[in-house]
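Structure, as structure tokens:
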Amino acid sequence: MELSVTQLNNYIKSVFVAEEMLHNVLLTGEVSGVSIRNNGVWFTMRDHDAAVPCVCWEASRCPVKDGDKVTVRGSVDYWQKAGKINFNVHALVKTGTGDLLAQLKALTDKLKAEGLFDRKRTLPTKVKRLGVVSSPYGAVIHDIITVAKRRNPSVDIVLYPATVQGEGAARELVAGIEYFSNHQTVDVVILARGGGSSEDLSVFNTESVARAVANCRLPVVTAVGHETDVTLVDYVADVRAATPSAAAELVVPELLSRKDQVRQLWSQLRYLITSRLTVARGVAQNFLHIFPKDFVAVAKNGQVVKSAKQVKPKDKLQICFSDGKIGVTVDG
């Protein structure tokens with residue numbers, strides 16, 4: 001059977017509409033990623049193993065915030081245009097604070113008490129090799145390479161490819177951080193990923209990744225999610241950057257081009273020459289001022305002439321007065 005995308009999605013939609021088990025469902029979970037847009041409240045409900053996107057089309061019925069534990073009643077809907085599932089919430093009851101948020105808070109307090117948030121190392125001023133732990137796909141690594149190479153074309157960038165969300169992500173991120181820490185072939189490490197939901201960023205709130213960052217022998221800069229996203233690894237890192245591009249700017253000092261270097265050196269040299277000439281001119285003028293107004297002296301080749309016997313025809317002499325000097329040639 002051959003179907004178009006529209007035909008397939010319309011068929012899936014009809015299955016969702018016909019399935020009675022997907023209507024008038026009671027669902028319990030923890031809320032995250034709350035946002036209000038298009039006159040509705042959008043959020044994710046999750047437990048330890050899974051998550052489902054939800055929407056409540058009347059904001060007054062869903063006064064929720066991240067971390068709330070709730071029970072909702074509604075129906076599963078399939079948006080055929082985008083091929084996405086949503087849980088349409090018709091009623092919501094808060095039942096307390098979610099276990100996942102409480103666990104994250106407890107872990108945060110634990111690591112803070114151990115002093116992992118206090119150690120902040122200064123980034124190196126000269127970076128020849130930069131280590132990056134991130135996905136090899138997408139805009140993140142491209143942005144880091146573009147910014148770093150623009151600031152210093154000679155910098156080497158070493159990528160340790162790692163999954164940044166989902167199963168196995170924590171293990172790969174820890175392996176990447178420990179690789180750079182153990183080998184120390186780079187000067188600094190950037191741990192980065194692009195934006196996403198709370199669930200997408202959850203691996204950066206795990207204890208294993210946070211401890212790997214804290215125990216790294218090299219300075220670590222984190223750039224995880226959007227500027228407003230803060231994860232556990234941001235607290236233990238040496239520096240938190242708002243974006244991957246900002247991380248590259250922090251880590252790689254801008255290298256002046258050769259043209260700029262020559263221009264800068266010439267400017268400094270010209271300043272020194274001008275300053276020396278100004279000083280020398282001032283000294284010469286002050287030297288002349290110590291002599292009386294009727295002072296006259298004769299010099300030949302820089303030596304004072306004290307007798308006519310020292311002069312012969314065609315010699316070039318300098319006659320110095322108290323207010324200046326003139327050059328003359330001896331006729332006879």
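Residues are referred to by chain and number: the chain letter is A, B, ... according to the order shown in the structure tokens, the number counts from 1 in that chain, and ligands are numbered separately from 1 in the order shown.
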
When you look at range 196-212 of chain A with a cut-off of 9 Å (counting only C-alpha atoms), what residues show up, excluding the ones that are within fewer than 6 positions of it in the same chain? I need them as number ranges by chain.
A: 32-33, 44, 46, 51, 104, 107-108, 111, 116, 164-166, 169-171, 173-175, 177-178, 224-226, 229, 231-237

Contacts of Ile85 in chain A at 9 Å or less, counting only C-alpha atoms, minus same-chain residues fewer than 3 places along, as a count of residues only?
8

When DSSP is applied to the backbone of this structure, which of range 104-297 of chain A are assigned strand (DSSP E)? Write them out as a ChimeraX atom specification.
/A:129-134,156-161,188-193,220-224,239-240,296-297

If we count only C-alpha atoms, what is near range 90-96 of chain A at a cut-off of 10 Å, once residues fewer than 2 positions away on the same chain are taken out, given as a list in words?
Asn24, Val25, Leu26, Leu27, Thr28, Gly29, Glu30, Val55, Cys56, Trp57, Glu58, Arg61, Cys62, Pro63, Val64, Gly67, Asp68, Lys69, Val70, Thr71, Val72, Arg73, Gly74, Ser75, Phe87, Asn88, Gly98 and Asp99 of chain A

Counting only C-alpha atoms, the residue of A:Ile12, A:Leu100, A:Val133, A:Val239 that sits nearest Val221 in chain A
A:Val239

Could you check how far CA of Pro124 in chain A sits from CA of Val186 in chain A, in Å to one decimal?
11.0 Å

I need the alpha helix (DSSP H) residues of range 17-215 of chain A per DSSP on the backbone, written as an MDAnalysis selection string.
chainID A and resid 17:18 99:113 139:151 169:183 207:215

Which value, in Å to one decimal, gives the distance between CA of Ser134 in chain A and CA of Arg193 in chain A?
6.1 Å

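Nearest residue to Ser135 in chain A among A:Val17, A:Ala50, A:Leu191, A:Cys320 is A:Leu191, counting only C-alpha atoms.
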
Compile the contact shell of Thr185 in chain A as a compact mmCIF listing (two decimals) with all heavy atoms, in the first residue's frame: residues with an atom at most 10 Å away, counting only C-alpha atoms, same-chain residues fewer than 4 positions apart removed.
# COMPACT_ATOMS: atom_id res chain seq x y z
N LYS A 128 46.32 26.49 22.88
CA LYS A 128 46.76 25.93 21.61
C LYS A 128 45.84 24.81 21.14
O LYS A 128 45.62 24.63 19.95
CB LYS A 128 48.20 25.42 21.73
CG LYS A 128 49.23 26.51 21.99
CD LYS A 128 50.62 25.92 22.05
CE LYS A 128 51.67 27.02 22.28
NZ LYS A 128 53.04 26.45 22.38
N ARG A 129 45.31 24.03 22.11
CA ARG A 129 44.41 22.92 21.78
C ARG A 129 43.19 22.99 22.70
O ARG A 129 43.32 23.14 23.91
CB ARG A 129 45.10 21.56 21.92
CG ARG A 129 46.34 21.40 21.07
CD ARG A 129 46.79 19.96 21.06
NE ARG A 129 46.01 19.17 20.10
CZ ARG A 129 45.89 17.85 20.15
NH1 ARG A 129 46.43 17.18 21.15
NH2 ARG A 129 45.21 17.20 19.23
N LEU A 130 42.05 22.88 22.08
CA LEU A 130 40.78 22.99 22.80
C LEU A 130 40.03 21.66 22.70
O LEU A 130 39.82 21.13 21.61
CB LEU A 130 39.94 24.12 22.18
CG LEU A 130 38.45 24.18 22.52
CD1 LEU A 130 38.26 24.41 24.01
CD2 LEU A 130 37.78 25.28 21.71
N GLY A 131 39.63 21.12 23.84
CA GLY A 131 38.87 19.88 23.86
C GLY A 131 37.38 20.17 23.98
O GLY A 131 36.98 21.03 24.75
N VAL A 158 39.78 19.51 19.34
CA VAL A 158 39.66 18.05 19.44
C VAL A 158 38.26 17.74 19.98
O VAL A 158 37.91 18.13 21.10
CB VAL A 158 40.73 17.45 20.37
CG1 VAL A 158 40.61 15.93 20.40
CG2 VAL A 158 42.12 17.88 19.92
N TYR A 179 38.53 11.29 29.48
CA TYR A 179 39.57 11.12 28.45
C TYR A 179 40.50 12.34 28.42
O TYR A 179 41.73 12.20 28.46
CB TYR A 179 38.92 10.92 27.08
CG TYR A 179 39.92 10.95 25.94
CD1 TYR A 179 40.64 9.81 25.59
CD2 TYR A 179 40.16 12.12 25.23
CE1 TYR A 179 41.57 9.83 24.58
CE2 TYR A 179 41.09 12.15 24.20
CZ TYR A 179 41.80 11.01 23.88
OH TYR A 179 42.74 11.05 22.86
N PHE A 180 39.91 13.52 28.35
CA PHE A 180 40.73 14.73 28.31
C PHE A 180 41.47 14.93 29.63
O PHE A 180 42.62 15.39 29.65
CB PHE A 180 39.86 15.95 28.01
CG PHE A 180 39.39 16.02 26.58
CD1 PHE A 180 38.04 16.10 26.28
CD2 PHE A 180 40.29 16.01 25.54
CE1 PHE A 180 37.60 16.17 24.98
CE2 PHE A 180 39.87 16.08 24.22
CZ PHE A 180 38.51 16.15 23.94
N SER A 181 40.81 14.60 30.74
CA SER A 181 41.44 14.76 32.05
C SER A 181 42.65 13.85 32.21
O SER A 181 43.70 14.26 32.72
CB SER A 181 40.42 14.46 33.16
OG SER A 181 41.01 14.58 34.44
N LEU A 218 41.63 19.42 34.15
CA LEU A 218 41.73 20.61 33.31
C LEU A 218 40.55 21.54 33.59
O LEU A 218 39.48 21.08 34.02
CB LEU A 218 41.71 20.21 31.83
CG LEU A 218 42.85 19.29 31.37
CD1 LEU A 218 42.52 18.73 29.99
CD2 LEU A 218 44.17 20.04 31.35

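CA of Ala192 in chain A sits 24.5 Å away from CA of Ala106 in chain A.
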
Who sits within 12 Å of Gln310 in chain A, only C-alpha atoms, same chain under 6 positions skipped, as a list of chain:residue names
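Here the answer would be A:Val298, A:Ala299, A:Lys300, A:Asn301, A:Gln303, A:Val304, A:Lys316, A:Leu317, A:Val330.
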
Those same residues - N, CA and C atoms - I'd like them written as a short mmCIF file (atom, residue, chain, number, x, y, z; two decimals), in the first residue's frame.
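Contents of result23.cif, as written:
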data_model
loop_
_atom_site.label_atom_id
_atom_site.label_comp_id
_atom_site.auth_asym_id
_atom_site.auth_seq_id
_atom_site.Cartn_x
_atom_site.Cartn_y
_atom_site.Cartn_z
N VAL A 298 82.53 78.26 16.76
CA VAL A 298 82.75 77.69 15.44
C VAL A 298 83.09 76.20 15.62
N ALA A 299 82.45 75.35 14.78
CA ALA A 299 82.69 73.91 14.88
C ALA A 299 82.99 73.35 13.51
N LYS A 300 83.85 72.32 13.48
CA LYS A 300 84.20 71.64 12.25
C LYS A 300 84.08 70.14 12.52
N ASN A 301 83.21 69.50 11.73
CA ASN A 301 82.99 68.05 11.91
C ASN A 301 82.63 67.70 13.36
N GLN A 303 83.56 69.20 16.00
CA GLN A 303 84.57 69.59 16.98
C GLN A 303 84.72 71.10 17.01
N VAL A 304 84.87 71.66 18.20
CA VAL A 304 85.01 73.11 18.34
C VAL A 304 86.35 73.57 17.74
N LYS A 316 83.96 72.96 5.58
CA LYS A 316 82.58 73.31 5.95
C LYS A 316 82.51 73.44 7.46
N LEU A 317 82.07 74.62 7.89
CA LEU A 317 82.03 74.92 9.31
C LEU A 317 80.60 75.19 9.76
N VAL A 330 84.56 77.72 3.86
CA VAL A 330 85.73 78.61 3.91
C VAL A 330 86.23 78.86 2.48
#

Between A:His142, A:Arg37, A:Lys314, A:Arg151, which has the minimum distance to Pro244 in chain A (counting only C-alpha atoms)?
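Smallest separation from Pro244 in chain A among the options: A:His142.
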
Env of Thr146 in chain A: 12 Å cut, atoms = only C-alpha atoms, seq-sep filter 6 positions within chain, self excluded. Answer as number ranges by chain.
A: 139-140, 152-153, 155, 157, 244-249, 252

Take the selection from the previous step and output its residues with C-alpha atoms, as a PDB file, in the first residue's frame.
ATOM      1  CA  ALA A 139      24.989  23.510  15.208  1.00  0.00           C
ATOM      2  CA  VAL A 140      26.873  23.285  18.533  1.00  0.00           C
ATOM      3  CA  ASN A 152      42.711  32.219  16.328  1.00  0.00           C
ATOM      4  CA  PRO A 153      43.062  30.227  13.081  1.00  0.00           C
ATOM      5  CA  VAL A 155      44.048  26.729  17.466  1.00  0.00           C
ATOM      6  CA  ILE A 157      40.016  21.641  18.237  1.00  0.00           C
ATOM      7  CA  PRO A 244      28.495  27.345  22.855  1.00  0.00           C
ATOM      8  CA  SER A 245      29.635  30.372  20.822  1.00  0.00           C
ATOM      9  CA  ALA A 246      30.150  32.353  24.018  1.00  0.00           C
ATOM     10  CA  ALA A 247      32.172  29.452  25.433  1.00  0.00           C
ATOM     11  CA  ALA A 248      34.521  29.559  22.434  1.00  0.00           C
ATOM     12  CA  GLU A 249      34.945  33.325  22.858  1.00  0.00           C
ATOM     13  CA  VAL A 252      40.149  31.274  22.799  1.00  0.00           C
TER      14      VAL A 252
END
